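Comments concern the structure below.
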Amino acid sequence: MSTRDIKKRWEIQLTILLFVITFISCKTPSPTELENISDLTGTINNIIPMPVSVIPAGDWFIFNKNADIYINPMNSEMEFIGQYLVDKIKPSTGYNIFVLPATGIPANGNIYLTTIGGDPLLGEEGYELNITKELIRLIAYKPAGLFRGVQTLRQLFSPLIESKTVQQGEWRIATAAIRDYPRFQWRGVMLDVARHFFSVEDVKSYIDMAAYYKINRFHIHLADDQGWRIQINSWPNLAVCGGSTQVGGGSGGYYTQSEYSEIVDYAQQRYITIVPEIDMPGHTNAALASYAELNKDGIAPPLYTGIDVGFSELAVDKEITYSFIDDVIREISAITPGSYFHIGGDEAPLIDSIDYVHFVDTVQTIVQSYGKQMIGWDEISKANLSATSVAQHWANIIVLNAVSQGAKVIMSPASKTYLDMKYNSSTILGLNWAGYVEVMDAYNWDPATQMNGITENNILGLEAPLWTETILTLDDIEFMVFPRLAGHSEIGWSPITGRNWNEYKERLAEHGLRWIEMDLNFYRSPQVSWK
């Protein structure tokens with residue numbers, strides 16, 4: 001059944017319900033009323049990720065056409081958050097909402113966003129949301145917390161708040177007191193743009209989806225065997241040649257440094273840190289094809305459009321290799337304000353273990369020389385890691401070596417978090433080398449108990465990667481990401497206490513109505529009773 005058919009069926013059922021209610025109250029509705037009036041009542045019980053504390057107050061705040069959004073203090077950053085909220089709720093309400101400076105507590109009927117008096121214990125991303133009959137008051141210690149709280153506020157509206165057309169009716173929001181902050185510092189997603197290239201607008205769209213669920217890291221896999229996706233001024237052929245193809249052939253593509261900066265800025269406005277990855281010393285055929293001198297034999301291989309791994313290697317014993325790496329890390333670091341640089345480091349079986357350790361140790365020093373912390377997949381744990389470096393766990397027990405050296409770990413077990421794994425045997429997109437990952441599988445696990453020897457104290461957070469061997473379009477991204485991303489966001493944000501699948505899937509079903517309004521191409525898992 002298509003999104004359009006489901007939406008239509010939901011609207012018909014709602015119309016019938018309104019007719020019955022009206023009949024009982026002895027009022028006969030006109031055809032126009034039945035056609036135009038929607039139930040715009042929100043609920044307090046369907047927030048994802050679930051907040052730390054929700055105390056219902058048993059009443060309603062009525063959001064009407066006279067409401068405005070008041071900000072204190074008023075500056076460009078705070079104004080952006082206010083305008084972001086306006087842009088999200090104006091199409092469906094049709095209200096002419098203004099973002100205004102507040103000199104005190106605003107009058108009844110308005111929304112008030114402030115960092116004045118915010119509790120430091122909430123941290124960078126925590127917030128308090130107090131909804132009374134008179135006022136919606138969102139307070140945070142830092143603006144990032146306000147932005148996270150705005151996502152909760154959006155979810156307190158009816159799902160129709162996400163509609164792109166004006167909905168007639170009375171917007172009612174349940175009164176409550178909410179206090180909220182994240183469990184883990186790192187709550188990420190990863191998009192592989194190397195195997196298949198995605199436009200700036202597609203990446204922005206994914207960033208918006210992630211922001212809705214309070215994700216704060218966007219890891220972008222910029223280079224692999226099949227494509228090099230970012231302009232490097234000192235090595236221009238990387239993009240021109242290495243970026244010219246992709247899996248299965250086709251024209252590929254790459255981001256200019258200006259376009260990459262546009263993505264970085266867009267994410268930063270949504271309090272999401274971009275984490276660039278240049279995979280090395282393996283997964284490097286696109287670079288090797290672009291510059292012969294990076295190869296051991298000095299001969300450039302042909303460009304590659306398949307999906308095999310483990311066949312490419314940089315010449316790790318050549319001085320020019322490290323000059324190349326220094327230039328790449330320097331140029332990307334200069335346009336990436338975040339603290340991290342991901343070097344990949346996985347699946348390089350052609351390189352001797354001693355040479356591999358020397359390579360990672362050297363690259364770690366280069367990364368640190370540009371003020372960044374090195375991240376790499378499990379395999380970098382063989383090297384001599386600094387306590388500031390981070391190992392990203394995907395499959396290998398070798399990651400325990402990183403823990404023993406005092407390095408933190410990002411949990412991305414493939415059998416739980418890889419968004420490119422098929423849901424089941426009938427799923428057309430994706431692969432299944434790590435097994436099938438249904439929606440319940442993606443939700444029913446915990447980072448702190450996933451692997452013996454890794455405790456919550458060792459964990460920076462979790463991340464859900466999307467590799468793109470079979471992913472070609474934004475619709476494909478949406479189908480593989482949703483509903484699983486919502487569950488990963490809850491694992492990263494919400495307390496473990498009280499979290500269970502049977503309760504969660506009821507909230508998830510309501511979010512399906514929101515995704516319909518957003519026109520998301522999501523997977524309708526049979527494990528969830530979609531509304």
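Every chain in the structure tokens takes a letter, A first, then B, and so on in the order presented; its residues are numbered from 1, and the ligands are numbered from 1 following the presented order.
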Tell me which protein, DNA and RNA residues are within 12 Å of Gly118 in chain A, counting only C-alpha atoms, leaving out same-chain ones fewer than 3 positions away, and put them as a PDB file with N, CA and C atoms, in the first residue's frame.
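In the end it all went to part.pdb:
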ATOM      1  N   ASN A  72      14.901  34.879  24.318  1.00  0.00           N
ATOM      2  CA  ASN A  72      15.731  35.623  25.269  1.00  0.00           C
ATOM      3  C   ASN A  72      16.950  34.765  25.643  1.00  0.00           C
ATOM      4  N   PRO A  73      18.172  35.256  25.355  1.00  0.00           N
ATOM      5  CA  PRO A  73      18.498  36.544  24.737  1.00  0.00           C
ATOM      6  C   PRO A  73      18.323  36.480  23.224  1.00  0.00           C
ATOM      7  N   LEU A 113      11.349  30.733  24.264  1.00  0.00           N
ATOM      8  CA  LEU A 113      12.614  29.995  24.217  1.00  0.00           C
ATOM      9  C   LEU A 113      13.696  30.817  24.900  1.00  0.00           C
ATOM     10  N   THR A 114      14.377  30.225  25.863  1.00  0.00           N
ATOM     11  CA  THR A 114      15.379  31.004  26.599  1.00  0.00           C
ATOM     12  C   THR A 114      16.504  30.128  27.140  1.00  0.00           C
ATOM     13  N   THR A 115      17.675  30.733  27.274  1.00  0.00           N
ATOM     14  CA  THR A 115      18.788  30.109  27.995  1.00  0.00           C
ATOM     15  C   THR A 115      19.052  30.842  29.308  1.00  0.00           C
ATOM     16  N   LEU A 121      23.292  21.506  34.932  1.00  0.00           N
ATOM     17  CA  LEU A 121      23.259  20.050  34.998  1.00  0.00           C
ATOM     18  C   LEU A 121      22.630  19.429  33.761  1.00  0.00           C
ATOM     19  N   LEU A 122      21.925  20.236  32.968  1.00  0.00           N
ATOM     20  CA  LEU A 122      21.347  19.735  31.726  1.00  0.00           C
ATOM     21  C   LEU A 122      22.416  19.498  30.660  1.00  0.00           C
ATOM     22  N   GLY A 123      23.586  20.123  30.820  1.00  0.00           N
ATOM     23  CA  GLY A 123      24.653  19.983  29.856  1.00  0.00           C
ATOM     24  C   GLY A 123      24.382  20.752  28.572  1.00  0.00           C
ATOM     25  N   GLU A 124      25.180  20.444  27.549  1.00  0.00           N
ATOM     26  CA  GLU A 124      25.092  21.158  26.275  1.00  0.00           C
ATOM     27  C   GLU A 124      23.769  20.927  25.561  1.00  0.00           C
ATOM     28  N   GLU A 125      23.196  19.726  25.698  1.00  0.00           N
ATOM     29  CA  GLU A 125      22.049  19.363  24.866  1.00  0.00           C
ATOM     30  C   GLU A 125      20.757  19.143  25.637  1.00  0.00           C
ATOM     31  N   GLY A 126      20.791  19.269  26.946  1.00  0.00           N
ATOM     32  CA  GLY A 126      19.587  19.055  27.735  1.00  0.00           C
ATOM     33  C   GLY A 126      18.661  20.262  27.714  1.00  0.00           C
ATOM     34  N   TYR A 127      17.424  20.043  28.140  1.00  0.00           N
ATOM     35  CA  TYR A 127      16.419  21.113  28.127  1.00  0.00           C
ATOM     36  C   TYR A 127      15.304  20.784  29.110  1.00  0.00           C
ATOM     37  N   GLU A 128      14.540  21.795  29.442  1.00  0.00           N
ATOM     38  CA  GLU A 128      13.296  21.639  30.189  1.00  0.00           C
ATOM     39  C   GLU A 128      12.176  22.276  29.379  1.00  0.00           C
ATOM     40  N   LEU A 129      11.084  21.548  29.237  1.00  0.00           N
ATOM     41  CA  LEU A 129       9.935  22.017  28.471  1.00  0.00           C
ATOM     42  C   LEU A 129       8.718  21.996  29.385  1.00  0.00           C
ATOM     43  N   ARG A 137       7.007  27.070  27.594  1.00  0.00           N
ATOM     44  CA  ARG A 137       8.297  27.627  28.009  1.00  0.00           C
ATOM     45  C   ARG A 137       9.382  26.566  27.844  1.00  0.00           C
ATOM     46  N   LEU A 138      10.332  26.827  26.939  1.00  0.00           N
ATOM     47  CA  LEU A 138      11.446  25.919  26.683  1.00  0.00           C
ATOM     48  C   LEU A 138      12.725  26.601  27.148  1.00  0.00           C
ATOM     49  N   ILE A 139      13.406  25.983  28.113  1.00  0.00           N
ATOM     50  CA  ILE A 139      14.614  26.567  28.682  1.00  0.00           C
ATOM     51  C   ILE A 139      15.743  25.546  28.614  1.00  0.00           C
ATOM     52  N   ALA A 140      16.949  26.020  28.302  1.00  0.00           N
ATOM     53  CA  ALA A 140      18.121  25.154  28.223  1.00  0.00           C
ATOM     54  C   ALA A 140      19.337  25.922  28.702  1.00  0.00           C
ATOM     55  N   TYR A 141      20.374  25.189  29.057  1.00  0.00           N
ATOM     56  CA  TYR A 141      21.622  25.820  29.479  1.00  0.00           C
ATOM     57  C   TYR A 141      22.375  26.386  28.283  1.00  0.00           C
ATOM     58  N   LYS A 142      22.264  25.710  27.127  1.00  0.00           N
ATOM     59  CA  LYS A 142      22.938  26.128  25.906  1.00  0.00           C
ATOM     60  C   LYS A 142      21.943  26.106  24.743  1.00  0.00           C
ATOM     61  N   PRO A 143      22.203  26.877  23.685  1.00  0.00           N
ATOM     62  CA  PRO A 143      21.295  26.861  22.531  1.00  0.00           C
ATOM     63  C   PRO A 143      21.081  25.481  21.928  1.00  0.00           C
ATOM     64  N   ALA A 144      22.109  24.622  21.946  1.00  0.00           N
ATOM     65  CA  ALA A 144      21.931  23.268  21.419  1.00  0.00           C
ATOM     66  C   ALA A 144      20.788  22.553  22.131  1.00  0.00           C
ATOM     67  N   GLY A 145      20.663  22.785  23.428  1.00  0.00           N
ATOM     68  CA  GLY A 145      19.571  22.180  24.179  1.00  0.00           C
ATOM     69  C   GLY A 145      18.212  22.692  23.730  1.00  0.00           C
ATOM     70  N   LEU A 146      18.141  23.985  23.405  1.00  0.00           N
ATOM     71  CA  LEU A 146      16.895  24.528  22.877  1.00  0.00           C
ATOM     72  C   LEU A 146      16.524  23.836  21.567  1.00  0.00           C
ATOM     73  N   ARG A 179      11.745  17.101  31.482  1.00  0.00           N
ATOM     74  CA  ARG A 179      13.168  17.361  31.730  1.00  0.00           C
ATOM     75  C   ARG A 179      13.949  16.288  30.983  1.00  0.00           C
TER      76      ARG A 179
END
Determine which residues of range 19-170 of chain A DSSP labels as helix (DSSP H, G or I) from the backbone of this structure, then write them out as a VMD selection string.
chain A and resid 19 to 24 31 to 36 76 to 93 120 to 122 143 to 156 159 to 162
Just C-alpha atoms for this one: save the residues we selected as a PDB file, in the first residue's frame.
ATOM      1  CA  PHE A  19     -18.989  12.381  12.442  1.00  0.00           C
ATOM      2  CA  VAL A  20     -19.781   9.954  15.278  1.00  0.00           C
ATOM      3  CA  ILE A  21     -18.603  12.417  17.927  1.00  0.00           C
ATOM      4  CA  THR A  22     -20.648  15.180  16.381  1.00  0.00           C
ATOM      5  CA  PHE A  23     -23.714  12.961  16.083  1.00  0.00           C
ATOM      6  CA  ILE A  24     -23.537  12.054  19.751  1.00  0.00           C
ATOM      7  CA  PRO A  31     -20.215  18.811   4.359  1.00  0.00           C
ATOM      8  CA  THR A  32     -17.665  21.634   4.460  1.00  0.00           C
ATOM      9  CA  GLU A  33     -16.901  20.972   8.137  1.00  0.00           C
ATOM     10  CA  LEU A  34     -16.378  17.277   7.498  1.00  0.00           C
ATOM     11  CA  GLU A  35     -14.088  18.052   4.586  1.00  0.00           C
ATOM     12  CA  ASN A  36     -11.915  20.696   6.217  1.00  0.00           C
ATOM     13  CA  SER A  76      21.540  35.466  15.569  1.00  0.00           C
ATOM     14  CA  GLU A  77      21.956  31.942  16.941  1.00  0.00           C
ATOM     15  CA  MET A  78      18.834  32.087  19.075  1.00  0.00           C
ATOM     16  CA  GLU A  79      16.869  33.768  16.312  1.00  0.00           C
ATOM     17  CA  PHE A  80      17.779  30.951  13.936  1.00  0.00           C
ATOM     18  CA  ILE A  81      16.318  28.387  16.355  1.00  0.00           C
ATOM     19  CA  GLY A  82      13.113  30.392  16.645  1.00  0.00           C
ATOM     20  CA  GLN A  83      12.836  30.792  12.880  1.00  0.00           C
ATOM     21  CA  TYR A  84      13.585  27.084  12.390  1.00  0.00           C
ATOM     22  CA  LEU A  85      10.529  26.293  14.548  1.00  0.00           C
ATOM     23  CA  VAL A  86       8.422  28.775  12.602  1.00  0.00           C
ATOM     24  CA  ASP A  87       9.461  27.195   9.313  1.00  0.00           C
ATOM     25  CA  LYS A  88       8.447  23.749  10.574  1.00  0.00           C
ATOM     26  CA  ILE A  89       4.962  24.671  11.849  1.00  0.00           C
ATOM     27  CA  LYS A  90       3.874  27.520   9.577  1.00  0.00           C
ATOM     28  CA  PRO A  91       2.934  25.451   6.479  1.00  0.00           C
ATOM     29  CA  SER A  92       0.436  23.285   8.378  1.00  0.00           C
ATOM     30  CA  THR A  93      -0.970  25.935  10.710  1.00  0.00           C
ATOM     31  CA  PRO A 120      24.035  23.655  34.027  1.00  0.00           C
ATOM     32  CA  LEU A 121      23.259  20.050  34.998  1.00  0.00           C
ATOM     33  CA  LEU A 122      21.347  19.735  31.726  1.00  0.00           C
ATOM     34  CA  PRO A 143      21.295  26.861  22.531  1.00  0.00           C
ATOM     35  CA  ALA A 144      21.931  23.268  21.419  1.00  0.00           C
ATOM     36  CA  GLY A 145      19.571  22.180  24.179  1.00  0.00           C
ATOM     37  CA  LEU A 146      16.895  24.528  22.877  1.00  0.00           C
ATOM     38  CA  PHE A 147      17.248  23.011  19.428  1.00  0.00           C
ATOM     39  CA  ARG A 148      16.859  19.491  20.836  1.00  0.00           C
ATOM     40  CA  GLY A 149      13.830  20.655  22.817  1.00  0.00           C
ATOM     41  CA  VAL A 150      12.271  22.108  19.669  1.00  0.00           C
ATOM     42  CA  GLN A 151      12.266  18.583  18.185  1.00  0.00           C
ATOM     43  CA  THR A 152      10.332  17.338  21.214  1.00  0.00           C
ATOM     44  CA  LEU A 153       7.885  20.223  20.886  1.00  0.00           C
ATOM     45  CA  ARG A 154       7.281  19.333  17.227  1.00  0.00           C
ATOM     46  CA  GLN A 155       6.391  15.803  18.312  1.00  0.00           C
ATOM     47  CA  LEU A 156       3.905  17.080  20.903  1.00  0.00           C
ATOM     48  CA  PRO A 159       1.339  14.410  13.262  1.00  0.00           C
ATOM     49  CA  LEU A 160      -0.450  16.784  10.899  1.00  0.00           C
ATOM     50  CA  ILE A 161       1.930  19.536  12.048  1.00  0.00           C
ATOM     51  CA  GLU A 162       4.353  18.067   9.502  1.00  0.00           C
TER      52      GLU A 162
END
Rank nothing, just name the residue among A:Pro465, A:Asp475, A:Asn295, A:Ala407 nearest to Leu429 in chain A, using only C-alpha atoms.
A:Asp475
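Candidate residues A:Pro182, A:Gly371, A:Pro281, A:Gly249 were compared for distance to Gly345 in chain A, and the nearest is A:Pro281, using only C-alpha atoms.
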Spatial neighbours of Gly58 in chain A, max dist 8 Å, only C-alpha atoms, sep filter under 3 positions, as a ChimeraX atom specification
/A:174-176
Which polymer residues have any atom within 9 Å of an atom of range 393-406 of chain A, counting only C-alpha atoms, with same-chain residues fewer than 5 positions away left out, as a list in words?
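Near range 393-406 of chain A, the qualifying residues are Gly376, Trp377, Asp378, Glu379, Ile380, Ser381, Lys382, Ala383, Asn384, Leu385, Ser386, Ala387, Thr388, Met411, Ser412, Pro413, Ala414, Ser415, Thr417, Tyr418, Met451, Gly453, Ile454 and Asn458 of chain A.
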Could those residues be written to a file, using C-alpha atoms, as a compact mmCIF listing (two decimals), in the first residue's frame?
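File produced: again35.txt:
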# COMPACT_ATOMS: atom_id res chain seq x y z
CA GLY A 376 39.29 4.62 12.89
CA TRP A 377 37.48 1.33 12.55
CA ASP A 378 38.27 -1.65 14.83
CA GLU A 379 41.54 -2.48 13.09
CA ILE A 380 43.36 0.68 14.24
CA SER A 381 43.32 -0.88 17.71
CA LYS A 382 46.45 -2.82 16.65
CA ALA A 383 48.41 0.44 16.71
CA ASN A 384 49.71 2.54 19.59
CA LEU A 385 46.69 4.71 20.20
CA SER A 386 46.61 7.98 22.06
CA ALA A 387 43.95 8.23 24.76
CA THR A 388 42.33 10.96 22.64
CA MET A 411 29.63 1.25 19.08
CA SER A 412 28.50 0.34 15.54
CA PRO A 413 28.06 -3.45 15.60
CA ALA A 414 27.11 -4.40 12.05
CA SER A 415 24.49 -6.93 13.15
CA THR A 417 23.40 -0.76 13.50
CA TYR A 418 24.31 -1.20 9.84
CA MET A 451 30.61 -6.91 24.01
CA GLY A 453 35.14 -6.05 28.08
CA ILE A 454 33.44 -2.84 26.93
CA ASN A 458 34.56 3.01 27.68
Atom pair CA of Leu462 in chain A / CA of Met190 in chain A: separation (Å):
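Distance reported for this atom pair: 10.8 Å.
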I need the residue nearest Ser163 in chain A from this list: A:Arg514, A:Lys372, A:Arg330, A:Arg524. Use only C-alpha atoms for the distance.
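Nearest candidate to Ser163 in chain A out of A:Arg514, A:Lys372, A:Arg330, A:Arg524: A:Arg514.
Considering the residues A:Glu490, A:Glu319, A:Glu134, A:Glu331 and counting only C-alpha atoms, Thr256 in chain A has its shortest atom-to-atom contact with A:Glu331.
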Quick one: pull the distance between CA of Lys133 in chain A and CA of Gly117 in chain A, Å, one decimal.
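CA of Gly117 in chain A lies at a distance of 22.0 Å from CA of Lys133 in chain A.
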